[in-house]
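Coordinates from data.txt are shown below (compact mmCIF, C-alpha atoms).
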# COMPACT_ATOMS: atom_id res chain seq x y z
CA MET A 1 26.41 -49.68 -16.52
CA ALA A 2 23.31 -51.60 -17.62
CA ILE A 3 20.38 -49.51 -18.88
CA ILE A 4 16.88 -50.48 -17.71
CA ALA A 5 13.99 -48.81 -19.56
CA ILE A 6 10.56 -48.55 -17.92
CA VAL A 7 7.93 -48.43 -20.68
CA GLY A 8 4.17 -48.73 -21.04
CA ARG A 9 0.98 -46.83 -21.76
CA PRO A 10 0.42 -43.41 -20.18
CA ASN A 11 -0.79 -43.38 -16.59
CA VAL A 12 0.10 -46.97 -15.63
CA GLY A 13 2.45 -45.83 -12.83
CA LYS A 14 5.87 -45.74 -14.53
CA SER A 15 6.96 -42.51 -12.86
CA THR A 16 5.70 -43.66 -9.46
CA PHE A 17 7.75 -46.85 -9.83
CA PHE A 18 10.79 -44.88 -11.03
CA ASN A 19 10.57 -42.53 -8.04
CA LYS A 20 10.16 -45.42 -5.62
CA LEU A 21 13.32 -47.12 -6.94
CA ALA A 22 15.27 -43.86 -7.02
CA GLY A 23 14.12 -42.95 -3.52
CA LYS A 24 13.38 -39.42 -4.71
CA ARG A 25 10.53 -37.55 -6.35
CA LEU A 26 12.37 -37.09 -9.63
CA SER A 27 9.53 -37.61 -12.08
CA ILE A 28 6.38 -35.51 -11.97
CA VAL A 29 3.52 -37.78 -10.94
CA ALA A 30 -0.06 -36.89 -11.93
CA ASP A 31 -3.19 -38.58 -13.17
CA THR A 32 -3.01 -36.79 -16.52
CA PRO A 33 -1.64 -39.00 -19.31
CA GLY A 34 1.53 -37.64 -20.87
CA VAL A 35 2.95 -35.81 -17.84
CA THR A 36 6.37 -37.47 -18.32
CA ARG A 37 7.27 -36.02 -21.69
CA ASP A 38 10.95 -36.90 -21.78
CA ARG A 39 13.22 -39.61 -20.43
CA LEU A 40 14.69 -39.29 -16.95
CA TYR A 41 17.73 -41.23 -15.78
CA TYR A 42 18.85 -42.38 -12.34
CA ASP A 43 21.66 -44.70 -11.26
CA ILE A 44 21.05 -47.34 -8.60
CA GLU A 45 22.84 -50.47 -7.41
CA TRP A 46 21.11 -53.81 -6.85
CA ASN A 47 22.73 -57.11 -5.87
CA GLY A 48 26.15 -55.70 -6.74
CA ARG A 49 25.14 -54.53 -10.22
CA LYS A 50 25.02 -50.88 -11.23
CA LEU A 51 21.84 -50.04 -13.12
CA THR A 52 20.68 -46.89 -14.92
CA LEU A 53 16.91 -46.55 -14.73
CA VAL A 54 15.20 -44.73 -17.59
CA ASP A 55 11.69 -43.37 -17.08
CA THR A 56 9.93 -42.82 -20.40
CA GLY A 57 6.83 -41.06 -21.62
CA GLY A 58 3.80 -43.25 -22.16
CA ILE A 59 3.46 -45.14 -25.45
CA GLU A 60 0.23 -44.78 -27.42
CA PRO A 61 0.89 -46.87 -30.56
CA LYS A 62 -1.96 -45.29 -32.54
CA THR A 63 -2.24 -41.56 -31.97
CA ASP A 64 -2.67 -38.34 -33.92
CA SER A 65 -1.24 -36.16 -31.14
CA ASP A 66 2.14 -34.67 -32.01
CA MET A 67 3.20 -34.71 -28.35
CA LEU A 68 2.20 -38.36 -27.92
CA LYS A 69 4.03 -39.23 -31.15
CA LEU A 70 7.16 -37.61 -29.73
CA MET A 71 6.76 -39.51 -26.47
CA LYS A 72 6.37 -42.74 -28.44
CA THR A 73 9.59 -41.96 -30.32
CA GLN A 74 11.42 -41.34 -27.05
CA ALA A 75 10.16 -44.60 -25.57
CA GLU A 76 11.14 -46.50 -28.71
CA THR A 77 14.61 -45.01 -28.45
CA ALA A 78 14.89 -46.19 -24.87
CA ILE A 79 13.88 -49.67 -26.01
CA ILE A 80 16.58 -49.66 -28.70
CA MET A 81 19.30 -48.67 -26.25
CA ALA A 82 18.15 -50.62 -23.17
CA ASP A 83 19.69 -53.84 -21.88
CA VAL A 84 16.48 -54.92 -20.09
CA ILE A 85 12.94 -53.52 -20.44
CA ILE A 86 10.34 -53.34 -17.67
CA PHE A 87 6.89 -53.25 -19.31
CA MET A 88 4.37 -51.65 -16.95
CA THR A 89 0.65 -52.38 -17.14
CA ASP A 90 -2.37 -51.47 -15.00
CA SER A 91 -4.26 -54.25 -13.19
CA ARG A 92 -7.26 -51.99 -12.61
CA VAL A 93 -7.76 -51.30 -16.30
CA GLY A 94 -6.85 -54.78 -17.51
CA VAL A 95 -5.28 -55.70 -20.83
CA THR A 96 -5.92 -53.03 -23.48
CA ALA A 97 -5.40 -52.99 -27.24
CA ASP A 98 -2.45 -50.64 -26.70
CA ASP A 99 -0.91 -53.10 -24.23
CA LYS A 100 -1.13 -55.79 -26.90
CA ASP A 101 0.48 -53.53 -29.51
CA ILE A 102 3.30 -52.59 -27.12
CA ALA A 103 3.85 -56.26 -26.23
CA THR A 104 4.18 -57.07 -29.92
CA MET A 105 6.69 -54.24 -30.38
CA LEU A 106 8.72 -55.50 -27.40
CA ARG A 107 8.76 -59.09 -28.65
CA LYS A 108 10.04 -57.87 -32.02
CA SER A 109 12.82 -55.92 -30.28
CA GLY A 110 14.39 -59.16 -29.10
CA LYS A 111 15.29 -57.51 -25.78
CA PRO A 112 14.75 -59.16 -22.38
CA VAL A 113 11.34 -57.99 -21.12
CA ILE A 114 9.84 -58.13 -17.61
CA LEU A 115 6.07 -57.71 -17.48
CA ALA A 116 5.00 -55.77 -14.37
CA VAL A 117 1.31 -55.64 -13.46
CA ASN A 118 0.97 -52.51 -11.35
CA LYS A 119 -1.59 -51.19 -8.84
CA ILE A 120 -1.96 -54.45 -6.96
CA ASP A 121 -1.91 -52.60 -3.67
CA ARG A 122 -3.54 -55.16 -1.41
CA VAL A 123 -1.42 -57.83 0.25
CA GLY A 124 -2.63 -61.42 -0.07
CA GLU A 125 -4.17 -63.45 -2.86
CA LEU A 126 -3.73 -62.01 -6.35
CA PRO A 127 -6.89 -60.60 -7.94
CA PRO A 128 -8.40 -62.54 -10.87
CA GLU A 129 -7.59 -59.71 -13.31
CA PHE A 130 -3.87 -60.31 -12.74
CA TYR A 131 -4.06 -63.51 -14.76
CA GLU A 132 -5.47 -61.69 -17.81
CA PHE A 133 -1.95 -60.42 -18.53
CA TYR A 134 -0.78 -63.86 -19.63
CA GLU A 135 -2.62 -62.95 -22.85
CA LEU A 136 0.34 -60.73 -23.77
CA SER A 137 2.46 -63.85 -24.46
CA LEU A 138 5.42 -62.60 -22.45
CA ASP A 139 7.06 -64.44 -19.56
CA ASP A 140 5.24 -64.78 -16.24
CA PRO A 141 4.02 -61.36 -15.06
CA TYR A 142 5.14 -59.82 -11.78
CA ALA A 143 2.64 -58.32 -9.36
CA LEU A 144 3.63 -54.80 -8.35
CA SER A 145 2.50 -51.94 -6.17
CA ALA A 146 4.60 -49.00 -7.35
CA LEU A 147 2.88 -46.88 -4.71
CA HIS A 148 4.06 -49.05 -1.80
CA GLY A 149 7.08 -50.68 -3.43
CA THR A 150 5.70 -54.20 -3.02
CA GLY A 151 7.15 -56.50 -5.66
CA SER A 152 9.85 -54.08 -6.79
CA GLY A 153 12.63 -56.18 -5.24
CA ASP A 154 11.48 -59.27 -7.15
CA ILE A 155 11.48 -57.28 -10.39
CA LEU A 156 15.01 -55.96 -9.78
CA ASP A 157 16.19 -59.49 -8.92
CA LYS A 158 14.84 -60.60 -12.31
CA VAL A 159 16.53 -57.63 -14.02
CA VAL A 160 19.92 -58.66 -12.63
CA GLU A 161 19.26 -62.30 -13.56
CA MET A 162 18.57 -61.28 -17.17
CA LEU A 163 21.76 -59.26 -17.52
CA PRO A 164 24.83 -60.95 -19.01
CA GLU A 165 27.61 -61.81 -16.60
CA GLU A 166 29.92 -58.91 -15.89
CA GLU A 167 33.44 -59.48 -17.08
CA GLU A 168 35.82 -59.62 -14.18
CA GLU A 169 38.06 -56.57 -14.29
CA GLU A 170 40.95 -56.35 -11.91
CA GLU A 171 41.65 -52.82 -10.77
CA ASP A 172 45.31 -53.16 -11.66
CA ASP A 173 44.85 -54.86 -15.02
CA GLY A 174 47.32 -52.53 -16.71
CA ILE A 175 44.70 -51.30 -19.19
CA ILE A 176 44.18 -47.55 -19.59
CA ARG A 177 40.65 -46.64 -20.69
CA VAL A 178 40.64 -43.59 -22.95
CA ALA A 179 37.43 -41.74 -23.88
CA ILE A 180 37.64 -39.70 -27.09
CA ILE A 181 35.16 -36.85 -26.67
CA GLY A 182 34.27 -33.82 -28.72
CA LYS A 183 31.70 -32.15 -30.93
CA PRO A 184 30.12 -34.03 -33.84
CA ASN A 185 32.46 -34.33 -36.83
CA ALA A 186 35.62 -33.36 -34.92
CA GLY A 187 37.24 -36.59 -36.15
CA LYS A 188 36.73 -38.95 -33.21
CA SER A 189 35.96 -41.98 -35.37
CA SER A 190 38.79 -41.14 -37.76
CA LEU A 191 41.20 -41.00 -34.83
CA THR A 192 39.96 -44.34 -33.50
CA ASN A 193 40.40 -45.92 -36.92
CA ARG A 194 43.91 -44.45 -37.25
CA ILE A 195 44.85 -45.86 -33.84
CA VAL A 196 43.45 -49.31 -34.64
CA GLY A 197 44.69 -49.33 -38.21
CA GLU A 198 41.41 -50.47 -39.70
CA GLU A 199 37.90 -49.21 -40.38
CA ARG A 200 36.30 -50.23 -37.08
CA VAL A 201 34.00 -47.20 -36.85
CA ILE A 202 31.88 -45.61 -39.57
CA VAL A 203 33.38 -42.29 -40.67
CA SER A 204 30.94 -39.82 -42.17
CA PRO A 205 30.67 -36.03 -42.52
CA ILE A 206 27.09 -36.31 -41.22
CA ALA A 207 27.06 -35.23 -37.57
CA GLY A 208 25.85 -37.94 -35.22
CA THR A 209 26.96 -41.00 -37.20
CA THR A 210 28.33 -42.61 -34.03
CA ARG A 211 25.22 -43.43 -32.03
CA ASP A 212 26.80 -45.23 -29.09
CA ALA A 213 30.09 -45.47 -27.23
CA ILE A 214 32.24 -48.05 -29.02
CA ASP A 215 35.08 -49.78 -27.15
CA THR A 216 38.20 -50.73 -29.10
CA PRO A 217 41.02 -52.61 -27.33
CA VAL A 218 44.56 -51.78 -28.48
CA GLU A 219 47.86 -53.33 -27.39
CA ASN A 220 51.22 -52.11 -28.66
CA GLU A 221 54.75 -51.29 -27.51
CA TYR A 222 53.39 -48.43 -25.39
CA GLY A 223 50.96 -50.54 -23.36
CA LYS A 224 47.37 -51.80 -23.22
CA TYR A 225 44.45 -49.49 -23.89
CA VAL A 226 40.73 -49.43 -24.53
CA PHE A 227 39.74 -46.48 -26.71
CA ILE A 228 36.12 -45.40 -26.32
CA ASP A 229 34.82 -43.57 -29.38
CA THR A 230 31.82 -41.57 -28.20
CA ALA A 231 28.95 -39.86 -29.90
CA GLY A 232 29.56 -36.18 -30.56
CA ILE A 233 28.13 -33.87 -27.92
CA ARG A 234 26.11 -30.94 -29.20
CA ARG A 235 24.41 -28.07 -27.43
CA ASN A 236 21.07 -29.28 -26.06
CA ALA A 237 19.13 -26.90 -28.30
CA LYS A 238 20.57 -28.63 -31.35
CA ILE A 239 19.79 -32.18 -30.25
CA GLU A 240 16.72 -32.86 -32.33
CA ASP A 241 17.11 -36.55 -33.04
CA GLU A 242 16.04 -38.62 -30.02
CA ILE A 243 18.65 -41.33 -30.57
CA GLU A 244 21.31 -38.62 -30.57
CA ARG A 245 20.00 -37.28 -27.25
CA TYR A 246 20.41 -40.77 -25.81
CA SER A 247 23.90 -40.96 -27.32
CA VAL A 248 24.91 -37.81 -25.44
CA TYR A 249 24.00 -39.60 -22.22
CA ARG A 250 26.11 -42.59 -23.31
CA ALA A 251 29.04 -40.26 -24.04
CA SER A 252 28.78 -38.76 -20.57
CA ALA A 253 28.73 -42.27 -19.09
CA ALA A 254 31.85 -43.10 -21.16
CA ILE A 255 33.68 -40.19 -19.52
CA GLU A 256 32.78 -41.61 -16.11
CA ARG A 257 34.24 -45.05 -16.86
CA SER A 258 37.40 -43.73 -18.50
CA ASP A 259 40.84 -43.15 -16.97
CA VAL A 260 41.91 -40.51 -19.49
CA CYS A 261 39.92 -38.20 -21.77
CA ILE A 262 41.13 -37.02 -25.15
CA ILE A 263 39.28 -33.76 -25.79
CA LEU A 264 39.24 -33.54 -29.58
CA ALA A 265 38.67 -30.20 -31.32
CA ASP A 266 38.67 -29.15 -34.98
CA ALA A 267 41.65 -26.97 -35.93
CA ALA A 268 39.58 -25.16 -38.57
CA GLU A 269 37.08 -23.99 -35.94
CA GLY A 270 39.37 -23.49 -32.95
CA ILE A 271 38.06 -23.84 -29.41
CA THR A 272 34.34 -23.09 -29.46
CA ALA A 273 31.89 -22.59 -26.59
CA GLN A 274 30.75 -26.16 -27.11
CA ASP A 275 34.33 -27.43 -26.82
CA GLU A 276 34.56 -25.54 -23.53
CA ARG A 277 31.43 -27.30 -22.25
CA ILE A 278 32.70 -30.74 -23.31
CA ALA A 279 36.08 -30.15 -21.68
CA GLY A 280 34.21 -29.06 -18.56
CA LEU A 281 32.51 -32.48 -18.36
CA ALA A 282 35.91 -34.20 -18.17
CA HIS A 283 37.26 -31.62 -15.70
CA GLU A 284 34.24 -31.91 -13.39
CA ALA A 285 34.49 -35.71 -13.53
CA GLY A 286 38.08 -35.41 -12.30
CA LYS A 287 39.58 -37.14 -15.34
CA ALA A 288 43.15 -36.83 -16.57
CA SER A 289 42.87 -35.10 -19.94
CA ILE A 290 44.75 -34.22 -23.11
CA ILE A 291 43.59 -31.44 -25.44
CA VAL A 292 44.05 -32.68 -29.00
CA ILE A 293 43.62 -30.39 -32.00
CA ASN A 294 42.72 -32.48 -35.06
CA LYS A 295 42.91 -31.65 -38.79
CA TRP A 296 46.13 -29.70 -38.21
CA ASP A 297 47.16 -30.58 -41.78
CA THR A 298 44.38 -28.32 -43.12
CA VAL A 299 45.63 -25.17 -41.37
CA GLU A 300 47.86 -22.64 -43.11
CA LYS A 301 50.81 -21.98 -40.81
CA ASP A 302 53.52 -19.45 -40.10
CA ASN A 303 56.08 -19.15 -37.30
CA ASN A 304 53.45 -17.97 -34.79
CA THR A 305 50.57 -20.34 -35.61
CA VAL A 306 51.23 -22.90 -32.86
CA ASN A 307 51.94 -20.30 -30.18
CA ASP A 308 48.84 -18.30 -31.09
CA PHE A 309 46.71 -21.43 -31.03
CA VAL A 310 48.07 -22.47 -27.62
CA LYS A 311 47.34 -18.99 -26.20
CA ASP A 312 43.74 -19.19 -27.46
CA ILE A 313 43.31 -22.66 -25.94
CA ARG A 314 44.71 -21.57 -22.58
CA LYS A 315 42.44 -18.53 -22.58
CA SER A 316 39.29 -20.50 -23.53
CA LEU A 317 40.03 -23.43 -21.20
CA ALA A 318 41.44 -21.41 -18.32
CA TYR A 319 40.27 -24.03 -15.80
CA MET A 320 42.37 -26.71 -17.55
CA GLN A 321 45.83 -25.13 -17.51
CA TYR A 322 47.14 -28.53 -16.36
CA ALA A 323 46.14 -30.32 -19.58
CA PRO A 324 48.85 -30.89 -22.23
CA ILE A 325 48.10 -29.94 -25.84
CA GLN A 326 48.88 -31.91 -28.99
CA PHE A 327 48.29 -31.06 -32.66
CA ILE A 328 47.51 -34.02 -34.92
CA SER A 329 45.97 -35.16 -38.17
CA ALA A 330 43.90 -38.31 -37.82
CA LYS A 331 43.66 -38.39 -41.60
CA THR A 332 47.42 -38.48 -42.27
CA GLY A 333 48.52 -39.95 -38.93
CA GLN A 334 50.66 -36.90 -38.13
CA ARG A 335 51.79 -37.07 -34.46
CA VAL A 336 49.09 -39.63 -33.53
CA ASP A 337 51.76 -41.97 -32.11
CA LYS A 338 52.80 -39.24 -29.66
CA LEU A 339 49.43 -39.58 -27.95
CA TYR A 340 50.38 -42.91 -26.35
CA GLU A 341 53.22 -41.48 -24.28
CA MET A 342 51.03 -38.53 -23.32
CA ILE A 343 48.23 -40.88 -22.23
CA ASN A 344 50.68 -42.94 -20.16
CA ASN A 345 52.11 -39.81 -18.56
CA VAL A 346 48.84 -38.13 -17.55
CA HIS A 347 47.49 -41.43 -16.23
CA ALA A 348 50.62 -41.93 -14.12
CA GLU A 349 50.34 -38.36 -12.81
CA ALA A 350 46.69 -38.87 -11.88
CA SER A 351 47.62 -42.12 -10.08
CA LYS A 352 50.48 -40.51 -8.13
CA ARG A 353 50.39 -40.79 -4.31
CA ILE A 354 52.51 -38.49 -2.12
CA PRO A 355 53.65 -39.57 1.38
CA THR A 356 52.00 -37.56 4.16
CA GLY A 357 55.31 -36.40 5.64
CA VAL A 358 56.48 -34.98 2.33
CA LEU A 359 53.12 -33.29 1.79
CA ASN A 360 53.29 -31.52 5.11
CA ASP A 361 56.84 -30.33 4.45
CA VAL A 362 55.53 -28.65 1.29
CA LEU A 363 52.52 -27.29 3.17
CA GLY A 364 54.78 -25.85 5.87
CA ASP A 365 57.01 -24.10 3.32
CA ALA A 366 53.93 -22.73 1.53
CA THR A 367 52.42 -21.22 4.68
CA VAL A 368 55.74 -19.61 5.61
CA LYS A 369 56.11 -17.98 2.18
CA VAL A 370 52.49 -16.78 2.04
CA GLN A 371 50.73 -16.39 5.38
CA PRO A 372 47.21 -17.88 5.62
CA PRO A 373 44.47 -15.23 5.31
CA THR A 374 42.74 -13.44 8.18
CA ASP A 375 39.20 -12.16 8.49
CA LYS A 376 38.01 -9.70 11.16
CA GLY A 377 41.13 -10.33 13.20
CA LYS A 378 40.86 -14.11 13.05
CA ARG A 379 43.65 -15.97 11.26
CA LEU A 380 43.33 -19.26 9.40
CA LYS A 381 45.46 -21.95 11.05
CA ILE A 382 46.40 -24.95 8.91
CA TYR A 383 47.36 -28.04 10.89
CA TYR A 384 47.75 -30.99 8.56
CA MET A 385 47.31 -32.32 5.01
CA THR A 386 46.94 -35.87 3.74
CA GLN A 387 46.17 -37.49 0.40
CA VAL A 388 43.05 -39.63 0.56
CA SER A 389 42.73 -40.90 -3.03
CA THR A 390 44.03 -40.81 -6.59
CA ASN A 391 42.43 -40.33 -10.02
CA PRO A 392 42.12 -37.45 -9.39
CA PRO A 393 44.68 -36.79 -6.63
CA THR A 394 42.53 -35.73 -3.68
CA PHE A 395 43.86 -34.02 -0.56
CA VAL A 396 42.21 -33.18 2.75
CA ILE A 397 43.51 -30.18 4.70
CA PHE A 398 42.58 -29.78 8.37
CA CYS A 399 42.33 -26.26 9.80
CA ASN A 400 40.71 -24.25 12.57
CA GLU A 401 38.01 -22.46 10.54
CA PRO A 402 37.16 -23.81 7.04
CA GLU A 403 35.25 -20.63 6.16
CA LEU A 404 38.53 -18.67 6.43
CA PHE A 405 40.13 -20.91 3.78
CA HIS A 406 39.47 -18.63 0.82
CA PHE A 407 39.37 -20.02 -2.71
CA SER A 408 42.41 -17.96 -3.69
CA TYR A 409 44.48 -19.57 -0.94
CA GLN A 410 43.32 -23.03 -2.01
CA ARG A 411 44.51 -22.17 -5.52
CA TYR A 412 47.86 -21.09 -4.06
CA ILE A 413 48.24 -24.43 -2.24
CA GLU A 414 47.28 -26.29 -5.43
CA ASN A 415 49.95 -24.39 -7.37
CA CYS A 416 52.52 -25.29 -4.71
CA LEU A 417 51.59 -28.97 -5.08
CA ARG A 418 51.90 -28.75 -8.86
CA ASN A 419 55.22 -26.92 -8.72
CA THR A 420 56.64 -29.59 -6.42
CA PHE A 421 55.05 -32.83 -7.63
CA GLY A 422 53.91 -32.11 -11.19
CA PHE A 423 50.44 -33.62 -11.56
CA ASP A 424 50.56 -32.74 -15.26
CA GLY A 425 47.35 -33.52 -17.10
CA THR A 426 45.16 -34.13 -14.05
CA PRO A 427 42.85 -31.98 -11.96
CA ILE A 428 43.55 -31.81 -8.23
CA LYS A 429 40.79 -31.91 -5.62
CA ILE A 430 41.28 -30.21 -2.24
CA ILE A 431 38.82 -30.79 0.60
CA ILE A 432 38.85 -28.49 3.64
CA ARG A 433 37.91 -29.93 7.04
CA ARG A 434 37.83 -28.58 10.57
CA ARG A 435 40.35 -30.34 12.81
CA GLY A 436 38.71 -33.37 14.41
CA GLU A 437 36.19 -33.88 11.60
CA GLU A 438 36.18 -37.19 9.75
CA VAL A 439 37.58 -37.30 6.24

Would you encode the structure as structure tokens?
Amino acid sequence: MAIIAIVGRPNVGKSTFFNKLAGKRLSIVADTPGVTRDRLYYDIEWNGRKLTLVDTGGIEPKTDSDMLKLMKTQAETAIIMADVIIFMTDSRVGVTADDKDIATMLRKSGKPVILAVNKIDRVGELPPEFYEFYELSLDDPYALSALHGTGSGDILDKVVEMLPEEEEEEEDDGIIRVAIIGKPNAGKSSLTNRIVGEERVIVSPIAGTTRDAIDTPVENEYGKYVFIDTAGIRRNAKIEDEIERYSVYRASAAIERSDVCIILADAAEGITAQDERIAGLAHEAGKASIIVINKWDTVEKDNNTVNDFVKDIRKSLAYMQYAPIQFISAKTGQRVDKLYEMINNVHAEASKRIPTGVLNDVLGDATVKVQPPTDKGKRLKIYYMTQVSTNPPTFVIFCNEPELFHFSYQRYIENCLRNTFGFDGTPIKIIIRRRGEEV
């Protein structure tokens, strides 16, 4: 996913442009400089390319205001992490000293920059002030009306043109993409280095050393993989460094493009509330997952240590009973090799497709054993079930009254599917439809 940062002085129309492209009023729009205090993100698609738009606070290069300094830092962070930058200016105000300073900063960044001259709201010949913006020594400026959307298509065409060619990836390329996620300092980079066998990622006790998601291809006797070492995810209240805040977004994006998530936790700390939140991201994204407890070599053990630890994990991550658990030491390599077979297995389970006839045999047996619920004398009637997709396995059940299909009965059907077909390591999604509705 390419990241496109929209930057410029306060009050040049960045948020208006962002909202126009997103098709929603996501950013607060007002005439007061500094209204957009943080970055906002939105995913769009243009000419077959997926783009993440980033709306930033206005940049005032020379300011004594603490808030404006923070906004400048946030915008600079967006510039560092962006693939293409849209530099917004205001045709009504003309070229300002701040515009010149920002242009200099952008040229030094070495990033592709598109200069957008906003507030040209009249159709026809360009006003003379438009040509002033050539002074900024960037490529040819683009005329834009963020208010009406005029010129936005040309700018997005240029964005796509500036992006590097996407590598062709066949869906069935045999590569399993594995995101390693967890809190800062849980050992994600150490695990990546152990898997690769060399120091590919900086390992440091300082939380937040990994700023971005780093892809590492691995091929061995178990198969082909890409391991994605992500930035550690902290609670929002503890994200003080702006680059780290951006890294959290990158880590979330890494989960989305992965096939399997390794949820890495520190054995010395056990499963914390933050680990629960991180695991929840993978669960909600529908990703096959493995819970991996690192630094197991540092724990004093007795005959009950493993069982006690497993009970605590199952209690803390009650919504992920399907996920297998492994205890490792990235430092010593203890049981790291076992992860490959586990990755292969959970990926295969998440990719499993069940024939419709077999599914409905299981559904029929389930409804005979436990009758569908009733409400005020009206009984739920279940007619049919079919699998509509994989990764995660997704099933649609057709019935007479979806509101009668209580959550507890859905859980019962899910358990029947798991007892019959396995689906170890993957969430299952069940969609309830009234008979005759489209899937």

Item to check | Contact residues around Ser258 (chain A) with all atoms listed in the file at 8 Å, ignoring same-chain residues under 5 positions, as an NGL selection string | outcome: :A and (176-179 or 287)

Please provide the set of residues having any atom within 10 Å of region 357-364 of chain A, restricted to only C-alpha atoms, with same-chain residues fewer than 2 positions apart removed, written as a short mmCIF file (atom, residue, chain, number, x, y, z; two decimals) with C-alpha atoms, keeping the file's coordinate frame.
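out06.cif, written as the output of this step:
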data_model
loop_
_atom_site.label_atom_id
_atom_site.label_comp_id
_atom_site.auth_asym_id
_atom_site.auth_seq_id
_atom_site.Cartn_x
_atom_site.Cartn_y
_atom_site.Cartn_z
CA ILE A 354 52.51 -38.49 -2.12
CA PRO A 355 53.65 -39.57 1.38
CA ALA A 366 53.93 -22.73 1.53
CA THR A 367 52.42 -21.22 4.68
CA VAL A 368 55.74 -19.61 5.61
CA LYS A 369 56.11 -17.98 2.18
CA ILE A 382 46.40 -24.95 8.91
CA TYR A 383 47.36 -28.04 10.89
CA TYR A 384 47.75 -30.99 8.56
CA MET A 385 47.31 -32.32 5.01
CA THR A 386 46.94 -35.87 3.74
CA GLN A 387 46.17 -37.49 0.40
CA PHE A 395 43.86 -34.02 -0.56
CA ILE A 397 43.51 -30.18 4.70
CA ILE A 413 48.24 -24.43 -2.24
CA CYS A 416 52.52 -25.29 -4.71
CA LEU A 417 51.59 -28.97 -5.08
CA THR A 420 56.64 -29.59 -6.42
CA PHE A 421 55.05 -32.83 -7.63
#

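Interatomic distance, CA of Glu269 (chain A) against CA of Gly333 (chain A): 19.9 Å.
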
Item to check | Residues near Arg107 (chain A), cut-off 8 Å, all atoms listed in the file, skip fewer than 4 positions along chain, as JSON, numbers by chain | outcome: {"A": [103, 111, 138]}

Expected file: the selected residues, C-alpha atoms, as a PDB file, in the frame of the given file:
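See selection.pdb below for the written result:
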ATOM      1  CA  ALA A 103       3.850 -56.260 -26.230  1.00  0.00           C
ATOM      2  CA  LYS A 111      15.290 -57.510 -25.780  1.00  0.00           C
ATOM      3  CA  LEU A 138       5.420 -62.600 -22.450  1.00  0.00           C
TER       4      LEU A 138
END

Item to check | All residues 9 Å or closer to Leu126 (chain A), all atoms listed in the file, same chain fewer than 5 positions away omitted, as a list in words | outcome: Ile120, Tyr131 and Ala143 of chain A

Residues near Glu219 (chain A), anyone? I mean within 12 Å using only C-alpha atoms, not counting same-chain ones fewer than 5 positions away, as a PDB file with C-alpha atoms, keeping the file's coordinate frame.
ATOM      1  CA  GLY A 174      47.320 -52.530 -16.710  1.00  0.00           C
ATOM      2  CA  ILE A 175      44.700 -51.300 -19.190  1.00  0.00           C
ATOM      3  CA  ILE A 176      44.180 -47.550 -19.590  1.00  0.00           C
ATOM      4  CA  ARG A 177      40.650 -46.640 -20.690  1.00  0.00           C
ATOM      5  CA  ILE A 195      44.850 -45.860 -33.840  1.00  0.00           C
ATOM      6  CA  VAL A 196      43.450 -49.310 -34.640  1.00  0.00           C
ATOM      7  CA  GLY A 197      44.690 -49.330 -38.210  1.00  0.00           C
ATOM      8  CA  LYS A 224      47.370 -51.800 -23.220  1.00  0.00           C
ATOM      9  CA  TYR A 225      44.450 -49.490 -23.890  1.00  0.00           C
ATOM     10  CA  VAL A 226      40.730 -49.430 -24.530  1.00  0.00           C
ATOM     11  CA  PHE A 227      39.740 -46.480 -26.710  1.00  0.00           C
ATOM     12  CA  TYR A 340      50.380 -42.910 -26.350  1.00  0.00           C
TER      13      TYR A 340
END

Checklist entry - Between CA of Ala323 (chain A) and CA of Thr216 (chain A), what is the spacing in Å? => result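 One can read the CA of Thr216 (chain A) to CA of Ala323 (chain A) distance as 23.9 Å.
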